[in-house]
>>> print(open('data-v2.txt').read())   # compact mmCIF, C-alpha atoms
# COMPACT_ATOMS: atom_id res chain seq x y z
CA MET A 1 -100.40 -0.13 24.30
CA LYS A 2 -98.30 -2.85 25.86
CA LEU A 3 -97.93 -4.40 22.42
CA LYS A 4 -96.58 -1.16 20.97
CA VAL A 5 -94.04 -0.79 23.78
CA LEU A 6 -92.88 -4.40 23.32
CA THR A 7 -92.56 -3.84 19.58
CA LEU A 8 -90.39 -0.76 20.14
CA LEU A 9 -88.15 -2.60 22.58
CA ILE A 10 -87.64 -5.44 20.08
CA PHE A 11 -86.84 -2.88 17.35
CA PHE A 12 -84.20 -1.09 19.44
CA ALA A 13 -82.68 -4.39 20.59
CA THR A 14 -82.38 -5.45 16.96
CA LEU A 15 -80.68 -2.15 16.05
CA LEU A 16 -78.31 -2.53 18.97
CA MET A 17 -77.43 -6.08 17.90
CA PHE A 18 -76.68 -4.96 14.34
CA ALA A 19 -74.64 -2.09 15.69
CA ASN A 20 -72.57 -4.45 17.82
CA VAL A 21 -72.12 -6.78 14.86
CA SER A 22 -71.06 -3.89 12.63
CA ARG A 23 -68.64 -2.66 15.27
CA ALA A 24 -67.14 -6.18 15.60
CA GLU A 25 -66.84 -6.44 11.82
CA TYR A 26 -65.16 -2.99 11.68
CA GLN A 27 -62.69 -3.98 14.40
CA GLN A 28 -62.01 -7.21 12.54
CA GLU A 29 -61.40 -5.25 9.32
CA GLU A 30 -58.98 -3.00 11.20
CA LEU A 31 -57.07 -6.07 12.38
CA ILE A 32 -57.02 -7.38 8.82
CA LEU A 33 -55.78 -4.03 7.53
CA GLU A 34 -53.08 -3.93 10.18
CA ALA A 35 -52.09 -7.49 9.26
CA ASP A 36 -52.01 -6.53 5.57
CA THR A 37 -49.97 -3.39 6.16
CA ALA A 38 -47.56 -5.38 8.32
CA ILE A 39 -46.40 -7.27 5.24
CA PRO A 40 -45.31 -4.18 3.29
CA LYS A 41 -43.55 -2.86 6.40
CA PHE A 42 -41.59 -6.07 6.70
CA GLU A 43 -40.72 -5.97 3.01
CA ILE A 44 -39.44 -2.40 3.35
CA ILE A 45 -37.11 -3.41 6.19
CA ASP A 46 -35.89 -6.36 4.18
CA THR A 47 -35.25 -4.11 1.19
CA ALA A 48 -33.19 -1.80 3.38
CA LYS A 49 -31.07 -4.72 4.46
CA GLN A 50 -30.54 -5.70 0.87
CA SER A 51 -29.38 -2.16 0.04
CA THR A 52 -26.32 -2.67 2.24
CA SER A 53 -24.94 -4.82 -0.57
CA PRO A 54 -23.79 -2.08 -3.01
CA SER A 55 -24.22 -2.47 -6.71
CA LYS A 56 -20.52 -1.53 -7.16
CA GLN A 57 -18.15 -4.24 -6.01
CA TRP A 58 -14.35 -3.90 -5.71
CA GLU A 59 -12.90 -6.84 -7.60
CA SER A 60 -9.28 -6.83 -6.35
CA MET A 61 -7.94 -7.87 -2.97
CA LEU A 62 -5.93 -4.63 -2.84
CA PRO A 63 -6.13 -2.15 -1.36
CA PHE A 64 -7.41 -3.54 1.92
CA PHE A 65 -10.71 -1.96 3.07
CA ALA A 66 -11.45 -0.77 -0.48
CA GLN A 67 -15.08 -1.93 -0.32
CA ASP A 68 -15.72 0.19 2.77
CA VAL A 69 -14.29 3.24 1.01
CA ILE A 70 -16.33 2.95 -2.20
CA MET A 71 -19.50 2.33 -0.15
CA ASN A 72 -18.99 5.83 1.24
CA GLY A 73 -18.93 7.31 -2.25
CA TYR A 74 -15.18 7.63 -2.83
CA ASP A 75 -13.32 6.61 -5.98
CA LEU A 76 -10.09 4.66 -5.83
CA PRO A 77 -7.30 4.21 -8.39
CA LEU A 78 -6.67 0.79 -9.83
CA PRO A 79 -4.49 -1.18 -7.39
CA PHE A 80 -1.39 -1.93 -9.46
CA GLY A 81 0.84 0.26 -11.60
CA ILE A 82 3.88 0.02 -13.84
CA SER A 83 5.78 3.18 -14.84
CA LEU A 84 8.61 4.29 -17.06
CA ILE A 85 10.41 7.22 -15.39
CA TYR A 86 13.18 9.57 -16.41
CA ALA A 87 14.83 11.73 -13.75
CA LYS A 88 17.60 14.31 -14.16
CA VAL A 89 19.16 15.93 -11.09
CA LYS A 90 21.86 18.59 -10.94
CA GLN A 91 23.02 19.95 -7.60
CA ASP A 92 25.95 21.51 -5.77
CA MET A 93 27.82 19.23 -3.41
CA ARG A 94 30.25 19.70 -0.57
CA LEU A 95 33.15 17.42 0.32
CA THR A 96 33.59 15.99 3.81
CA ASP A 97 35.68 13.40 5.65
CA LEU A 98 38.83 12.92 3.58
CA SER A 99 41.12 10.03 4.48
CA LEU A 100 44.51 9.13 2.92
CA GLY A 101 46.70 6.05 2.74
CA PHE A 102 49.98 5.06 1.05
CA ASN A 103 50.94 1.77 -0.52
CA GLY A 104 47.87 -0.01 0.71
CA SER A 105 48.17 1.22 4.30
CA GLU A 106 45.15 1.95 6.46
CA LYS A 107 43.56 5.28 5.58
CA VAL A 108 43.78 8.13 8.12
CA ASP A 109 41.50 11.17 8.36
CA ILE A 110 43.20 14.27 6.96
CA GLU A 111 42.30 17.96 7.04
CA PHE A 112 41.82 19.41 3.58
CA ILE A 113 40.62 22.45 1.70
CA SER A 114 37.68 22.09 -0.70
CA PHE A 115 37.28 24.19 -3.83
CA ASP A 116 34.05 25.99 -4.70
CA THR A 117 31.33 24.86 -7.11
CA ILE A 118 31.47 21.11 -6.71
CA THR A 119 28.66 19.70 -8.83
CA SER A 120 26.88 16.39 -9.31
CA ASP A 121 24.92 15.85 -12.53
CA THR A 122 23.05 12.56 -13.01
CA SER A 123 20.38 11.06 -15.26
CA THR A 124 18.37 7.99 -14.38
CA PRO A 125 15.82 6.19 -16.55
CA HIS A 126 14.15 3.51 -14.48
CA LEU A 127 11.22 1.14 -14.14
CA LYS A 128 8.76 1.44 -11.28
CA LEU A 129 6.25 -1.06 -9.89
CA ASP A 130 3.70 0.02 -7.30
CA ALA A 131 0.61 -1.19 -5.45
CA TRP A 132 -2.01 0.38 -3.20
CA VAL A 133 -2.01 -1.64 0.03
CA LEU A 134 -4.41 0.72 1.82
CA PRO A 135 -6.75 3.36 0.37
CA PHE A 136 -4.37 6.04 1.66
CA MET A 137 -1.03 4.24 1.23
CA ASN A 138 0.90 3.17 -1.87
CA VAL A 139 4.20 1.24 -1.85
CA PHE A 140 6.66 1.03 -4.73
CA ALA A 141 10.09 -0.12 -5.90
CA THR A 142 12.24 1.04 -8.82
CA VAL A 143 15.33 -0.09 -10.69
CA GLY A 144 17.21 1.90 -13.29
CA LYS A 145 20.45 2.85 -14.97
CA LEU A 146 22.39 5.70 -13.36
CA SER A 147 24.84 7.78 -15.37
CA GLY A 148 26.48 11.15 -14.88
CA SER A 149 29.46 12.92 -13.40
CA VAL A 150 30.64 14.27 -10.07
CA ASP A 151 33.45 16.67 -9.14
CA ILE A 152 36.28 15.66 -6.81
CA ASN A 153 38.21 18.86 -6.09
CA PHE A 154 40.32 19.33 -2.97
CA SER A 155 43.84 20.18 -1.82
CA ILE A 156 45.96 19.13 1.17
CA ASP A 157 48.98 20.63 2.90
CA GLY A 158 51.79 18.05 2.88
CA ASN A 159 53.29 19.01 6.24
CA LYS A 160 49.92 18.93 8.03
CA ALA A 161 49.09 15.66 6.37
CA LEU A 162 52.33 14.11 7.70
CA ASP A 163 51.47 15.27 11.21
CA GLN A 164 47.99 13.79 11.00
CA LEU A 165 49.35 10.58 9.53
CA GLY A 166 51.73 10.37 12.50
CA THR A 167 54.73 9.98 10.20
CA ASP A 168 58.17 10.53 11.78
CA CYS A 169 60.35 12.31 9.23
CA SER A 170 63.25 13.02 11.64
CA ALA A 171 64.89 9.63 11.31
CA LYS A 172 67.72 9.03 8.87
CA ARG A 173 65.69 6.42 7.08
CA LYS A 174 62.50 8.30 6.30
CA PRO A 175 59.24 6.73 5.14
CA LEU A 176 58.34 7.26 1.52
CA GLU A 177 55.58 9.76 2.30
CA CYS A 178 58.14 12.12 3.88
CA TYR A 179 59.77 12.60 0.50
CA LEU A 180 56.42 12.88 -1.24
CA LEU A 181 54.65 15.32 1.10
CA THR A 182 57.23 17.47 2.93
CA ASP A 183 56.77 21.17 2.07
CA LYS A 184 54.35 20.33 -0.72
CA ARG A 185 50.75 21.15 -1.51
CA ILE A 186 48.88 18.43 -3.34
CA GLU A 187 45.80 19.23 -5.34
CA VAL A 188 43.19 16.85 -6.66
CA GLU A 189 40.93 18.32 -9.31
CA GLU A 190 39.02 15.91 -11.48
CA GLN A 191 35.57 15.12 -12.76
CA SER A 192 34.71 11.51 -12.17
CA SER A 193 32.11 9.67 -14.24
CA LEU A 194 29.34 7.75 -12.53
CA ALA A 195 27.75 4.64 -13.97
CA GLY A 196 25.83 1.87 -12.33
CA THR A 197 22.45 0.59 -11.25
CA ALA A 198 20.13 2.61 -9.04
CA TYR A 199 17.50 1.06 -6.77
CA SER A 200 14.80 2.61 -4.61
CA VAL A 201 11.89 1.66 -2.37
CA GLY A 202 9.29 3.95 -0.91
CA THR A 203 5.74 4.77 0.03
CA VAL A 204 3.17 7.48 -0.67
CA PHE A 205 0.59 8.68 1.84
CA VAL A 206 -2.43 10.47 0.34
CA GLY A 207 -5.62 12.18 1.44
CA GLY A 208 -8.26 14.32 -0.20
CA TRP A 209 -11.44 16.33 0.09
CA ASN A 210 -13.69 16.99 -2.91
CA SER A 211 -11.26 17.78 -5.76
CA TYR A 212 -8.31 18.73 -3.50
CA PHE A 213 -5.61 16.32 -2.38
CA ILE A 214 -2.39 16.03 -0.42
CA ALA A 215 0.38 13.52 -1.05
CA VAL A 216 3.63 12.76 0.77
CA PRO A 217 6.00 10.42 -1.13
CA ILE A 218 8.98 9.09 0.84
CA THR A 219 11.83 7.41 -1.08
CA PHE A 220 15.04 5.67 -0.06
CA SER A 221 17.50 5.09 -2.93
CA TRP A 222 20.92 3.52 -3.25
CA SER A 223 23.28 2.71 -6.11
CA LYS A 224 25.68 0.00 -7.17
CA MET A 225 28.42 1.74 -9.15
CA ASP A 226 30.93 0.42 -11.66
CA ARG A 227 33.75 2.10 -9.71
CA ASP A 228 34.50 2.12 -5.97
CA THR A 229 31.58 4.37 -5.12
CA SER A 230 28.67 3.93 -2.77
CA GLY A 231 25.90 6.16 -1.56
CA TYR A 232 22.26 6.67 -0.71
CA VAL A 233 19.52 9.26 -1.11
CA ILE A 234 16.55 10.04 1.14
CA ASN A 235 13.80 12.13 -0.45
CA VAL A 236 10.54 13.42 1.11
CA LEU A 237 8.15 15.44 -1.08
CA PRO A 238 5.00 16.87 0.58
CA ARG A 239 2.56 18.20 -2.04
CA VAL A 240 -0.91 19.76 -2.23
CA GLY A 241 -2.97 20.02 -5.39
CA LYS A 242 -6.32 20.06 -7.18
CA LYS A 243 -7.87 17.67 -9.66
CA PHE A 244 -9.82 18.98 -12.68
CA GLN A 245 -12.31 16.64 -14.33
CA LEU A 246 -12.49 17.03 -18.13
CA ASN A 247 -15.54 16.51 -20.35
CA ASN A 248 -14.02 13.58 -22.24
CA GLY A 249 -13.74 11.48 -19.07
CA SER A 250 -10.07 12.19 -18.44
CA SER A 251 -8.69 14.40 -15.66
CA PHE A 252 -5.80 16.74 -15.04
CA SER A 253 -4.14 17.45 -11.68
CA LEU A 254 -1.84 20.30 -10.71
CA TYR A 255 0.17 20.46 -7.50
CA ALA A 256 2.90 22.38 -5.71
CA GLY A 257 5.08 21.43 -2.80
CA THR A 258 8.56 21.10 -1.39
CA SER A 259 11.30 18.51 -1.55
CA TYR A 260 13.67 17.49 1.21
CA LEU A 261 16.62 15.52 -0.15
CA THR A 262 19.75 14.16 1.51
CA SER A 263 22.30 12.70 -0.91
CA ARG A 264 25.49 11.15 0.44
CA LEU A 265 28.15 9.61 -1.74
CA THR A 266 31.45 7.97 -0.78
CA LEU A 267 34.15 8.11 -3.47
CA THR A 268 37.35 6.08 -3.44
CA GLY A 269 40.30 6.62 -5.77
CA SER A 270 44.03 7.20 -6.12
CA GLN A 271 46.08 10.22 -7.12
CA PRO A 272 49.64 10.43 -8.50
CA ILE A 273 52.08 12.62 -6.58
CA ASP A 274 53.91 14.92 -8.99
CA ASP A 275 56.30 12.96 -11.23
CA SER A 276 57.42 10.57 -8.52
CA GLY A 277 55.55 7.63 -9.97
CA GLU A 278 53.92 7.11 -6.58
CA ASN A 279 50.24 7.39 -5.73
CA PHE A 280 48.24 7.91 -2.59
CA GLU A 281 44.83 6.38 -2.03
CA TYR A 282 41.98 8.51 -0.81
CA GLN A 283 38.40 8.21 0.30
CA ILE A 284 36.15 11.24 0.49
CA LYS A 285 32.46 11.82 1.11
CA GLN A 286 30.05 14.15 -0.64
CA GLU A 287 26.66 15.49 0.36
CA ASN A 288 24.28 17.95 -1.27
CA THR A 289 24.50 21.58 -0.18
CA ASP A 290 20.80 22.48 -0.30
CA LYS A 291 18.39 20.07 1.33
CA TRP A 292 15.11 21.89 0.55
CA MET A 293 13.61 23.25 -2.65
CA GLY A 294 10.19 24.15 -4.08
CA LEU A 295 8.52 22.15 -6.86
CA VAL A 296 5.51 22.15 -9.17
CA GLY A 297 4.03 19.36 -11.22
CA GLY A 298 1.04 17.91 -12.99
CA ASN A 299 -0.56 14.63 -13.97
CA TYR A 300 -2.81 13.93 -16.96
CA SER A 301 -4.95 10.82 -16.46
CA ILE A 302 -5.96 9.34 -19.78
CA LYS A 303 -8.69 6.76 -20.22
CA GLU A 304 -8.06 3.03 -19.79
CA GLY A 305 -5.55 3.40 -16.95
CA TRP A 306 -2.88 5.49 -18.67
CA SER A 307 -1.41 8.68 -17.18
CA LEU A 308 1.42 11.06 -18.00
CA ALA A 309 3.13 13.14 -15.28
CA PHE A 310 5.86 15.75 -15.02
CA GLU A 311 7.59 17.57 -12.17
CA TYR A 312 10.08 20.42 -11.95
CA GLY A 313 12.06 21.21 -8.81
CA GLY A 314 14.38 24.10 -8.22
CA ILE A 315 12.06 26.95 -7.25
CA GLY A 316 13.63 29.38 -4.83
CA GLY A 317 16.96 30.05 -6.53
CA ILE A 318 18.78 27.21 -4.79
CA SER A 319 21.62 25.12 -6.16
CA ARG A 320 19.54 22.00 -6.78
CA GLN A 321 17.41 21.39 -9.85
CA GLN A 322 15.57 18.31 -10.99
CA PHE A 323 13.19 17.29 -13.74
CA ILE A 324 11.10 14.11 -13.60
CA THR A 325 8.61 12.70 -16.08
CA ASN A 326 6.84 9.36 -16.15
CA LEU A 327 4.31 7.33 -18.09
CA THR A 328 2.16 5.02 -15.98
CA TYR A 329 -0.27 2.22 -16.72
CA ARG A 330 -2.62 1.08 -13.92
CA TYR A 331 -4.52 -2.19 -13.87
>>> encode(input="data-v2.txt", output="structure tokens")
Amino acid sequence: MKLKVLTLLIFFATLLMFANVSRAEYQQEELILEADTAIPKFEIIDTAKQSTSPSKQWESMLPFFAQDVIMNGYDLPLPFGISLIYAKVKQDMRLTDLSLGFNGSEKVDIEFISFDTITSDTSTPHLKLDAWVLPFMNVFATVGKLSGSVDINFSIDGNKALDQLGTDCSAKRKPLECYLLTDKRIEVEEQSSLAGTAYSVGTVFVGGWNSYFIAVPITFSWSKMDRDTSGYVINVLPRVGKKFQLNNGSSFSLYAGTSYLTSRLTLTGSQPIDDSGENFEYQIKQENTDKWMGLVGGNYSIKEGWSLAFEYGGIGGISRQQFITNLTYRY
């Protein structure tokens, strides 16, 4: 009996030993599995780090921060552009600030009467260079040949002009202008030609969401004329539009907006007085009558960096109209 009990105790002790060994081996296998699975986990983290280096790299130094933008899934235009542009502008002008002088004397401000329908009509083919310096900001400069015509139509009252000139016509020996202006009305009515070189600098601010975009070009222009003429133009054109992607890889954009334009021109010339053989010198300023107008336009982006654009301004029945077209190559 005692032998049987001892045998059973040895049997259970042996089972317990094997059970402990099996449990130790199972725990060891768990540790091994955890160690094995730790390697794939580490590799996954490392792969995630490698994914921060996008497959698409921006090759140019401009615009700044371009890599950050394309990493977020946005497309950018090529950084540099060269364009051939033709612009034609016709608008009503008003005359301001007339000054007169005689025989090279200092010019004095004179009251005058301006005639109606004073018009400026100019055409300007020019070359444009531009660059994107930021993903939302483009800067540009243009140079071109300006040609056209401008009206110079006004009249002055001779007696009032003498008073404003401060001329004393009561003396026995009267100044020349007393004989030329007393009790006379002098009219200047001519169309002067404009020719010279036009320059401009400016910037464009852009933004977009999905296929919609906004753009605000700002331009400052000035001209160097062949005659004694100087002037400048400030133009701001806020626009909103939509881009349509075509099946052949090209795209077409349509937009509408407004244009604010201030054009100021200073004209200098001389005018004969009747048949006296004498002239007076004048300087007069012009500025456009209507500052605002509506516009519409479009841009067709062809493959390989080429695009063709057009724009018409003059919506709203105002006295200013303009047509602009350009061919652009981006690289």
>>> residues_near_point(input="data-v2.txt", point="(39.5, 9.1, -5.5)", cutoff="9 Å", atoms="only C-alpha atoms", output="list of chain:residue names")
A:Ile152, A:Val188, A:Ser192, A:Asp228, A:Leu267, A:Thr268, A:Gly269, A:Ser270, A:Gln271, A:Glu281, A:Tyr282, A:Gln283, A:Ile284
>>> write_last_selection(input="data-v2.txt", atoms="C-alpha atoms", output="compact mmCIF listing (two decimals), in the frame of the given file")
# COMPACT_ATOMS: atom_id res chain seq x y z
CA ILE A 152 36.28 15.66 -6.81
CA VAL A 188 43.19 16.85 -6.66
CA SER A 192 34.71 11.51 -12.17
CA ASP A 228 34.50 2.12 -5.97
CA LEU A 267 34.15 8.11 -3.47
CA THR A 268 37.35 6.08 -3.44
CA GLY A 269 40.30 6.62 -5.77
CA SER A 270 44.03 7.20 -6.12
CA GLN A 271 46.08 10.22 -7.12
CA GLU A 281 44.83 6.38 -2.03
CA TYR A 282 41.98 8.51 -0.81
CA GLN A 283 38.40 8.21 0.30
CA ILE A 284 36.15 11.24 0.49
>>> residues_around(input="data-v2.txt", residues="stretch 312-320 of chain A", least_positions_apart="2", cutoff="8 Å", atoms="all atoms listed in the file", output="number ranges by chain")
A: 89-92, 259, 289-290, 293-297, 310, 322-324
>>> write_last_selection(input="data-v2.txt", atoms="C-alpha atoms", output="CSV table (one decimal), keeping the file's coordinate frame")
chain,number,residue,atom,x,y,z
A,89,VAL,CA,19.2,15.9,-11.1
A,90,LYS,CA,21.9,18.6,-10.9
A,91,GLN,CA,23.0,20.0,-7.6
A,92,ASP,CA,26.0,21.5,-5.8
A,259,SER,CA,11.3,18.5,-1.6
A,289,THR,CA,24.5,21.6,-0.2
A,290,ASP,CA,20.8,22.5,-0.3
A,293,MET,CA,13.6,23.2,-2.6
A,294,GLY,CA,10.2,24.2,-4.1
A,295,LEU,CA,8.5,22.2,-6.9
A,296,VAL,CA,5.5,22.2,-9.2
A,297,GLY,CA,4.0,19.4,-11.2
A,310,PHE,CA,5.9,15.8,-15.0
A,322,GLN,CA,15.6,18.3,-11.0
A,323,PHE,CA,13.2,17.3,-13.7
A,324,ILE,CA,11.1,14.1,-13.6
>>> closest_residue(input="data-v2.txt", among="A:Ser83, A:Ser123, A:Ser149, A:Gln67", to="A:Arg330", atoms="only C-alpha atoms")
A:Ser83
>>> closest_residue(input="data-v2.txt", among="A:Gly305, A:Leu237, A:Thr262, A:Leu165", to="A:Phe102", atoms="all atoms listed in the file")
A:Leu165
>>> residues_around(input="data-v2.txt", residues="A:Ser263", least_positions_apart="4", cutoff="12 Å", atoms="all atoms listed in the file", output="compact mmCIF listing (two decimals) with C-alpha atoms, in the frame of the given file")
# COMPACT_ATOMS: atom_id res chain seq x y z
CA VAL A 89 19.16 15.93 -11.09
CA LYS A 90 21.86 18.59 -10.94
CA GLN A 91 23.02 19.95 -7.60
CA ASP A 92 25.95 21.51 -5.77
CA MET A 93 27.82 19.23 -3.41
CA ARG A 94 30.25 19.70 -0.57
CA LEU A 95 33.15 17.42 0.32
CA SER A 120 26.88 16.39 -9.31
CA THR A 219 11.83 7.41 -1.08
CA PHE A 220 15.04 5.67 -0.06
CA SER A 221 17.50 5.09 -2.93
CA TRP A 222 20.92 3.52 -3.25
CA SER A 223 23.28 2.71 -6.11
CA SER A 230 28.67 3.93 -2.77
CA GLY A 231 25.90 6.16 -1.56
CA TYR A 232 22.26 6.67 -0.71
CA VAL A 233 19.52 9.26 -1.11
CA ILE A 234 16.55 10.04 1.14
CA ASN A 235 13.80 12.13 -0.45
CA VAL A 236 10.54 13.42 1.11
CA LYS A 285 32.46 11.82 1.11
CA GLN A 286 30.05 14.15 -0.64
CA GLU A 287 26.66 15.49 0.36
CA ASN A 288 24.28 17.95 -1.27
CA THR A 289 24.50 21.58 -0.18
CA ASP A 290 20.80 22.48 -0.30
CA LYS A 291 18.39 20.07 1.33
CA TRP A 292 15.11 21.89 0.55
CA ARG A 320 19.54 22.00 -6.78
>>> closest_residue(input="data-v2.txt", among="A:Met137, A:Glu59, A:Val204, A:Leu308", to="A:Ile85", atoms="all atoms listed in the file")
A:Leu308
>>> closest_residue(input="data-v2.txt", among="A:Val139, A:Met61, A:Ile156, A:Leu84", to="A:Ala309", atoms="all atoms listed in the file")
A:Leu84
>>> residues_around(input="data-v2.txt", residues="A:Leu129", least_positions_apart="2", cutoff="12 Å", atoms="only C-alpha atoms", output="compact mmCIF listing (two decimals) with C-alpha atoms, keeping the file's coordinate frame")
# COMPACT_ATOMS: atom_id res chain seq x y z
CA PRO A 79 -4.49 -1.18 -7.39
CA PHE A 80 -1.39 -1.93 -9.46
CA GLY A 81 0.84 0.26 -11.60
CA ILE A 82 3.88 0.02 -13.84
CA SER A 83 5.78 3.18 -14.84
CA LEU A 84 8.61 4.29 -17.06
CA ILE A 85 10.41 7.22 -15.39
CA HIS A 126 14.15 3.51 -14.48
CA LEU A 127 11.22 1.14 -14.14
CA ALA A 131 0.61 -1.19 -5.45
CA TRP A 132 -2.01 0.38 -3.20
CA ASN A 138 0.90 3.17 -1.87
CA VAL A 139 4.20 1.24 -1.85
CA PHE A 140 6.66 1.03 -4.73
CA ALA A 141 10.09 -0.12 -5.90
CA THR A 142 12.24 1.04 -8.82
CA VAL A 143 15.33 -0.09 -10.69
CA GLY A 144 17.21 1.90 -13.29
CA TYR A 199 17.50 1.06 -6.77
CA SER A 200 14.80 2.61 -4.61
CA VAL A 201 11.89 1.66 -2.37
CA GLY A 202 9.29 3.95 -0.91
CA THR A 203 5.74 4.77 0.03
CA LEU A 327 4.31 7.33 -18.09
CA THR A 328 2.16 5.02 -15.98
CA TYR A 329 -0.27 2.22 -16.72
CA ARG A 330 -2.62 1.08 -13.92
CA TYR A 331 -4.52 -2.19 -13.87
>>> closest_residue(input="data-v2.txt", among="A:Val133, A:Leu181, A:Val150, A:Ala256", to="A:Thr117", atoms="all atoms listed in the file")
A:Val150
>>> residues_around(input="data-v2.txt", residues="A:Gly207", least_positions_apart="2", cutoff="12 Å", atoms="all atoms listed in the file", output="MDAnalysis selection string")
chainID A and resid 74 76 134:138 204:205 209:216 238:242
>>> write_last_selection(input="data-v2.txt", atoms="C-alpha atoms", output="mmCIF file, keeping the file's coordinate frame")
data_model
loop_
_atom_site.group_PDB
_atom_site.id
_atom_site.type_symbol
_atom_site.label_atom_id
_atom_site.label_comp_id
_atom_site.auth_asym_id
_atom_site.auth_seq_id
_atom_site.Cartn_x
_atom_site.Cartn_y
_atom_site.Cartn_z
ATOM 1 C CA TYR A 74 -15.180 7.630 -2.830
ATOM 2 C CA LEU A 76 -10.090 4.660 -5.830
ATOM 3 C CA LEU A 134 -4.410 0.720 1.820
ATOM 4 C CA PRO A 135 -6.750 3.360 0.370
ATOM 5 C CA PHE A 136 -4.370 6.040 1.660
ATOM 6 C CA MET A 137 -1.030 4.240 1.230
ATOM 7 C CA ASN A 138 0.900 3.170 -1.870
ATOM 8 C CA VAL A 204 3.170 7.480 -0.670
ATOM 9 C CA PHE A 205 0.590 8.680 1.840
ATOM 10 C CA TRP A 209 -11.440 16.330 0.090
ATOM 11 C CA ASN A 210 -13.690 16.990 -2.910
ATOM 12 C CA SER A 211 -11.260 17.780 -5.760
ATOM 13 C CA TYR A 212 -8.310 18.730 -3.500
ATOM 14 C CA PHE A 213 -5.610 16.320 -2.380
ATOM 15 C CA ILE A 214 -2.390 16.030 -0.420
ATOM 16 C CA ALA A 215 0.380 13.520 -1.050
ATOM 17 C CA VAL A 216 3.630 12.760 0.770
ATOM 18 C CA PRO A 238 5.000 16.870 0.580
ATOM 19 C CA ARG A 239 2.560 18.200 -2.040
ATOM 20 C CA VAL A 240 -0.910 19.760 -2.230
ATOM 21 C CA GLY A 241 -2.970 20.020 -5.390
ATOM 22 C CA LYS A 242 -6.320 20.060 -7.180
#
>>> residues_near_point(input="data-v2.txt", point="(58.5, 7.8, 1.1)", cutoff="12 Å", atoms="only C-alpha atoms", output="list in words")
Phe102, Asn103, Leu162, Thr167, Asp168, Cys169, Arg173, Lys174, Pro175, Leu176, Glu177, Cys178, Tyr179, Leu180, Leu181, Thr182, Ile273, Ser276, Gly277, Glu278, Asn279 and Phe280 of chain A
>>> atom_distance(input="data-v2.txt", atom1="atom CA of A:Glu111", atom2="atom CA of A:Ser193")
25.0 Å
